[in-house]
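Engineer: I'd like to ask some things about the structure below.
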Amino acid sequence: MKSFQLKPGFQLAILRMGVAIAVMLKIFAEFNDLDMLYSQQGIIQGVLSKPMAVKYALALPLLTDFFHIHNEHLFLSITYLVFGVAASALLVGYQSRISAFVCLVIHMMVFNGYNLLAFGFDGFLFSLLFYTFVFPVGKVYAVDEMMGRTGPVDTENLKLYLLVLQLHLCMVYLTAGVSKSGQDWMG
Amino acid sequence: MKNLHLKLFFAVHLLFVFVGSNLFEYKSKTIDSIVLPYASYTGGGFGYSFFSPNVGNQTVVKVYTLKSDKTLRQDAFGTGTSMFDSRFGAAIHTFRNRKAYELMSRIVASYVFAKYPGSAIAHISVGEYQVPTVTAYRLNQSAATYREVYTGTYTQ
């Protein structure tokens with residue numbers, strides 16, 4: 001009996017699926033409160049978000065102003081529907097890079113526009129979406145792979161991708177550890 | 001060397017992550033002008049202060065609304081019971097001054113008035129739960145105390 005073996009680079013598939021599920025949970029948790037959370041008449045009103053906006057960042061309030069969008073409810077609903085479709089495509093690995101890019105851009109706009117409402121989850125999701133976009137996550141256990149659109153994962157590059165993730169996580173924990181060693185925390 | 005460009009790209013990316021993690025303090029606007037735009041497009045270069053030590057006290061908003069049927073309804077925001085509530089909690093946690101609390105209270109008042117049509121008066125109390133220090137905790141003085149930082153009554 002042949003034992004089950006995971007394909008090389010299965011870690012990339014786990015990353016892709018995990019990020020897609022996290023995005024879908026975020027959408028599910030926020031969809032009914034989009035107006036209160038991310039419109040200019042919501043918790044963070046234009047009077048607060050506009051002075052805090054920076055020119056270089058792609059942000060949701062700047063976009064609604066730039067395109068003179070008056071029906072924010074419709075705009076946010078459509079944006080989140082696109083977000084959901086892209087996350088679903090990412091989950092199954094269909095057009096993985098494009099799906100990851102769409103998810104990254106939408107999350108980026110929301111994060112940059114309303115970072116007063118953000119917490120640790122959003123920061124990590126942002127970083128992981130970036131890695132999902134950059135890494136070849138559609139090469140393993142993906143529709144893209146089944147359709148023959150991609151080649152196999154380069155094993156040397158795979159080591160590099162995993163090393164990057166490990167180093168990033170090490171920095172997070174190192175930062176937290178060093179901060180906690182101070183008197184403020186210990187006392 | 002194989003894939004030198006890829007390795008260089010990730011090395012630079014991780015450098016941004018390291019600089020932005022606030023492991024060491026710097027006061028350079030030049031560095032900020034590079035790190036912050038990079039972070040706003042990649043997510044790499046933000047601090048991780050949510051782990052420590054800048055975890056402040058839990059701030060909550062208690063709302064008492066007199067509904068149209070003359071019953072009193074009590075709501076609390078910032079307790080983390082839903083995504084909306086968690087995000088609201090993050091916002092009230094960020095602003096720690098009277099003007100901001102007043103502004104947030106007005107937003108909460110308009111929210112509850114929309115939530116309970118016909119209601120006329122909402123009393124809002126913003127406060128924070130102050131946890132004891134580790135030293136006090138070790139001496140069994142472990143109870144968190146609620147300290148009101150702002151209060152206001154709003155009418156439609």
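We label chains A, B, ... in the order they appear in the structure tokens, count residues from 1 in each chain, and number ligands from 1 in the order shown.
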Which residues of chain B are close to chain A, meaning at most 9 Å apart when you count only C-alpha atoms, and how do they look as number ranges by chain?
Structural biologist: B: 2-3, 6-7, 10-11, 14, 17-18, 21-23, 37, 40-44, 46-54, 82-84, 86-92, 94, 104, 107-108, 111, 133-136
Engineer: For C-alpha atoms, I'd like the residues from the last selection saved as a CSV table (one decimal), in the first residue's frame.
Structural biologist:
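That gives us again_23.csv:
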```
chain,number,residue,atom,x,y,z
B,2,LYS,CA,21.1,31.5,-8.3
B,3,ASN,CA,18.2,33.9,-8.1
B,6,LEU,CA,15.0,37.4,-5.5
B,7,LYS,CA,17.4,37.0,-2.6
B,10,PHE,CA,13.7,39.6,0.2
B,11,ALA,CA,16.8,40.8,2.1
B,14,LEU,CA,13.2,41.9,5.8
B,17,VAL,CA,10.4,44.8,8.5
B,18,PHE,CA,13.3,44.9,11.0
B,21,SER,CA,9.5,46.8,14.0
B,22,ASN,CA,10.6,49.5,16.5
B,23,LEU,CA,13.2,47.2,18.0
B,37,PRO,CA,5.4,54.3,2.3
B,40,SER,CA,1.7,51.0,3.5
B,41,TYR,CA,2.0,48.9,0.3
B,42,THR,CA,3.5,45.7,1.6
B,43,GLY,CA,2.6,45.5,5.3
B,44,GLY,CA,6.3,45.0,6.1
B,46,PHE,CA,4.8,48.3,11.0
B,47,GLY,CA,5.6,48.0,14.7
B,48,TYR,CA,4.4,45.1,16.7
B,49,SER,CA,3.5,47.1,19.8
B,50,PHE,CA,0.2,45.2,20.2
B,51,PHE,CA,2.2,42.4,21.8
B,52,SER,CA,3.9,44.6,24.4
B,53,PRO,CA,4.6,46.8,26.2
B,54,ASN,CA,2.1,49.4,24.9
B,82,SER,CA,-18.0,41.0,17.7
B,83,MET,CA,-15.8,42.3,15.0
B,84,PHE,CA,-17.6,45.6,14.9
B,86,SER,CA,-13.5,44.9,18.6
B,87,ARG,CA,-12.8,47.5,15.9
B,88,PHE,CA,-14.8,50.1,17.9
B,89,GLY,CA,-12.7,49.2,20.9
B,90,ALA,CA,-9.5,49.7,18.9
B,91,ALA,CA,-10.6,53.2,17.9
B,92,ILE,CA,-11.6,54.4,21.4
B,94,THR,CA,-6.3,54.9,20.4
B,104,MET,CA,-16.8,59.2,19.9
B,107,ILE,CA,-21.1,58.9,17.2
B,108,VAL,CA,-22.2,56.3,19.6
B,111,TYR,CA,-25.7,55.0,16.4
B,133,THR,CA,0.7,46.0,38.3
B,134,VAL,CA,2.4,42.6,38.5
B,135,THR,CA,3.7,43.6,41.9
B,136,ALA,CA,0.2,44.3,43.2
```
Engineer: If we count only C-alpha atoms and set the cut-off at 8 Å, which residues sit around B:Gln130, ignoring sequence neighbours fewer than 4 positions away in its own chain? Please answer as a VMD selection string.
Structural biologist: chain B and resid 57 to 58 144 to 147
Engineer: Identify all residues of stretch 43-91 of chain B in strand (DSSP E or B) (DSSP on the backbone) and supply them as a list of chain:residue names.
Structural biologist: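 Put together, the selection reads B:Gln58, B:Thr59, B:Val60, B:Val61, B:Lys62, B:Val63, B:Tyr64, B:Thr65, B:Leu66, B:Leu72, B:Arg73, B:Gln74, B:Asp75, B:Ala76, B:Phe77.
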Engineer: Would you save the residues of that selection, restricted to C-alpha atoms, as a PDB file, in the first residue's frame?
Structural biologist:
```pdb
ATOM      1  CA  GLN B  58      -9.413  48.123  28.201  1.00  0.00           C
ATOM      2  CA  THR B  59     -11.598  51.110  27.381  1.00  0.00           C
ATOM      3  CA  VAL B  60     -15.347  50.595  27.245  1.00  0.00           C
ATOM      4  CA  VAL B  61     -18.333  52.765  26.415  1.00  0.00           C
ATOM      5  CA  LYS B  62     -21.476  52.087  28.411  1.00  0.00           C
ATOM      6  CA  VAL B  63     -24.685  53.450  26.929  1.00  0.00           C
ATOM      7  CA  TYR B  64     -28.041  53.768  28.714  1.00  0.00           C
ATOM      8  CA  THR B  65     -30.817  54.543  26.248  1.00  0.00           C
ATOM      9  CA  LEU B  66     -34.365  55.482  27.172  1.00  0.00           C
ATOM     10  CA  LEU B  72     -34.056  51.520  29.726  1.00  0.00           C
ATOM     11  CA  ARG B  73     -31.680  49.693  27.420  1.00  0.00           C
ATOM     12  CA  GLN B  74     -28.052  49.167  28.354  1.00  0.00           C
ATOM     13  CA  ASP B  75     -25.359  48.572  25.719  1.00  0.00           C
ATOM     14  CA  ALA B  76     -21.606  48.297  26.014  1.00  0.00           C
ATOM     15  CA  PHE B  77     -19.042  48.922  23.283  1.00  0.00           C
TER      16      PHE B  77
END
```
Engineer: Quick one: pull the distance between atom CA of A:Phe135 and atom CA of A:Arg149, Å, one decimal.
Structural biologist: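 These two atoms are separated by 15.5 Å.
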Engineer: Figure out the distance between atom CA of A:Val85 and atom CA of A:Ala13, please, to one decimal in Å.
Structural biologist: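 Computed distance, atom CA of A:Ala13 to atom CA of A:Val85, equals 18.2 Å.
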Engineer: Once DSSP has gone over the backbone, tell me which residues of stretch 41-147 of chain A are in alpha helix (DSSP H), as a PyMOL selection string.
Structural biologist: chain A and resi 46-52+60-66+72-92+96-113+120-134+143-146
Engineer: Which one is closest to A:Phe83: A:Val153, A:Ile69, A:Met52, A:Ile21? Count only C-alpha atoms.
Structural biologist: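 Among the listed residues, A:Ile21 lies closest to A:Phe83.
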Engineer: Which of these residues is nearest to B:Ser68, using only C-alpha atoms: B:Leu103, B:Ile34, B:Ala122, B:Ala39?
Structural biologist: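 That would be B:Ala122, the residue with the smallest distance to B:Ser68.
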Engineer: Using only C-alpha atoms, determine which residues lie at most 12 Å from A:Leu63, disregarding the query and same-chain residues fewer than 6 positions distant; provide the list as a list in words.
Structural biologist: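 Using only C-alpha atoms, the neighbours found are Ser39, Gln40, Lys50, Ala53, Lys55, Ala57, Ile69, His70, Glu72, Phe75, Leu76, Thr79, Ile106, Met109, Val110, Asn112 and Gly113 of chain A.
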Engineer: For the residues in the current selection, export N, CA and C atoms as a short mmCIF file (atom, residue, chain, number, x, y, z; two decimals), in the first residue's frame.
Structural biologist:
```
data_model
loop_
_atom_site.label_atom_id
_atom_site.label_comp_id
_atom_site.auth_asym_id
_atom_site.auth_seq_id
_atom_site.Cartn_x
_atom_site.Cartn_y
_atom_site.Cartn_z
N SER A 39 -17.37 53.74 6.24
CA SER A 39 -17.87 54.86 5.44
C SER A 39 -17.52 56.16 6.17
N GLN A 40 -17.61 57.25 5.46
CA GLN A 40 -17.23 58.52 6.07
C GLN A 40 -18.28 59.05 7.03
N LYS A 50 -9.73 62.16 7.19
CA LYS A 50 -9.07 62.97 6.16
C LYS A 50 -7.80 63.67 6.65
N ALA A 53 -4.98 61.21 6.81
CA ALA A 53 -4.59 60.51 5.58
C ALA A 53 -3.22 61.00 5.08
N LYS A 55 -0.46 61.15 1.79
CA LYS A 55 -0.57 61.22 0.33
C LYS A 55 -0.10 59.94 -0.36
N ALA A 57 -0.15 56.80 0.49
CA ALA A 57 -0.82 55.51 0.69
C ALA A 57 -2.13 55.42 -0.08
N ILE A 69 -17.50 59.33 -5.24
CA ILE A 69 -18.50 58.29 -4.98
C ILE A 69 -19.45 58.77 -3.88
N HIS A 70 -20.72 58.89 -4.21
CA HIS A 70 -21.70 59.39 -3.24
C HIS A 70 -22.39 58.24 -2.50
N GLU A 72 -21.81 55.42 -0.79
CA GLU A 72 -20.73 54.62 -0.18
C GLU A 72 -21.20 53.21 0.17
N PHE A 75 -20.88 51.15 -2.91
CA PHE A 75 -19.44 51.00 -3.23
C PHE A 75 -18.78 49.99 -2.30
N LEU A 76 -19.06 50.11 -1.00
CA LEU A 76 -18.45 49.19 -0.03
C LEU A 76 -18.95 47.77 -0.24
N THR A 79 -17.27 46.38 -3.32
CA THR A 79 -15.85 46.13 -3.01
C THR A 79 -15.70 44.84 -2.22
N ILE A 106 -7.42 45.48 -1.87
CA ILE A 106 -8.62 45.86 -1.10
C ILE A 106 -8.28 45.95 0.39
N MET A 109 -6.26 49.10 1.03
CA MET A 109 -7.05 50.34 1.02
C MET A 109 -7.83 50.51 2.32
N VAL A 110 -8.40 49.42 2.80
CA VAL A 110 -9.16 49.48 4.05
C VAL A 110 -8.21 49.76 5.22
N ASN A 112 -5.14 51.10 5.25
CA ASN A 112 -4.53 52.44 5.22
C ASN A 112 -5.56 53.53 5.52
N GLY A 113 -6.79 53.33 5.09
CA GLY A 113 -7.82 54.35 5.29
C GLY A 113 -8.38 54.37 6.70
#
```
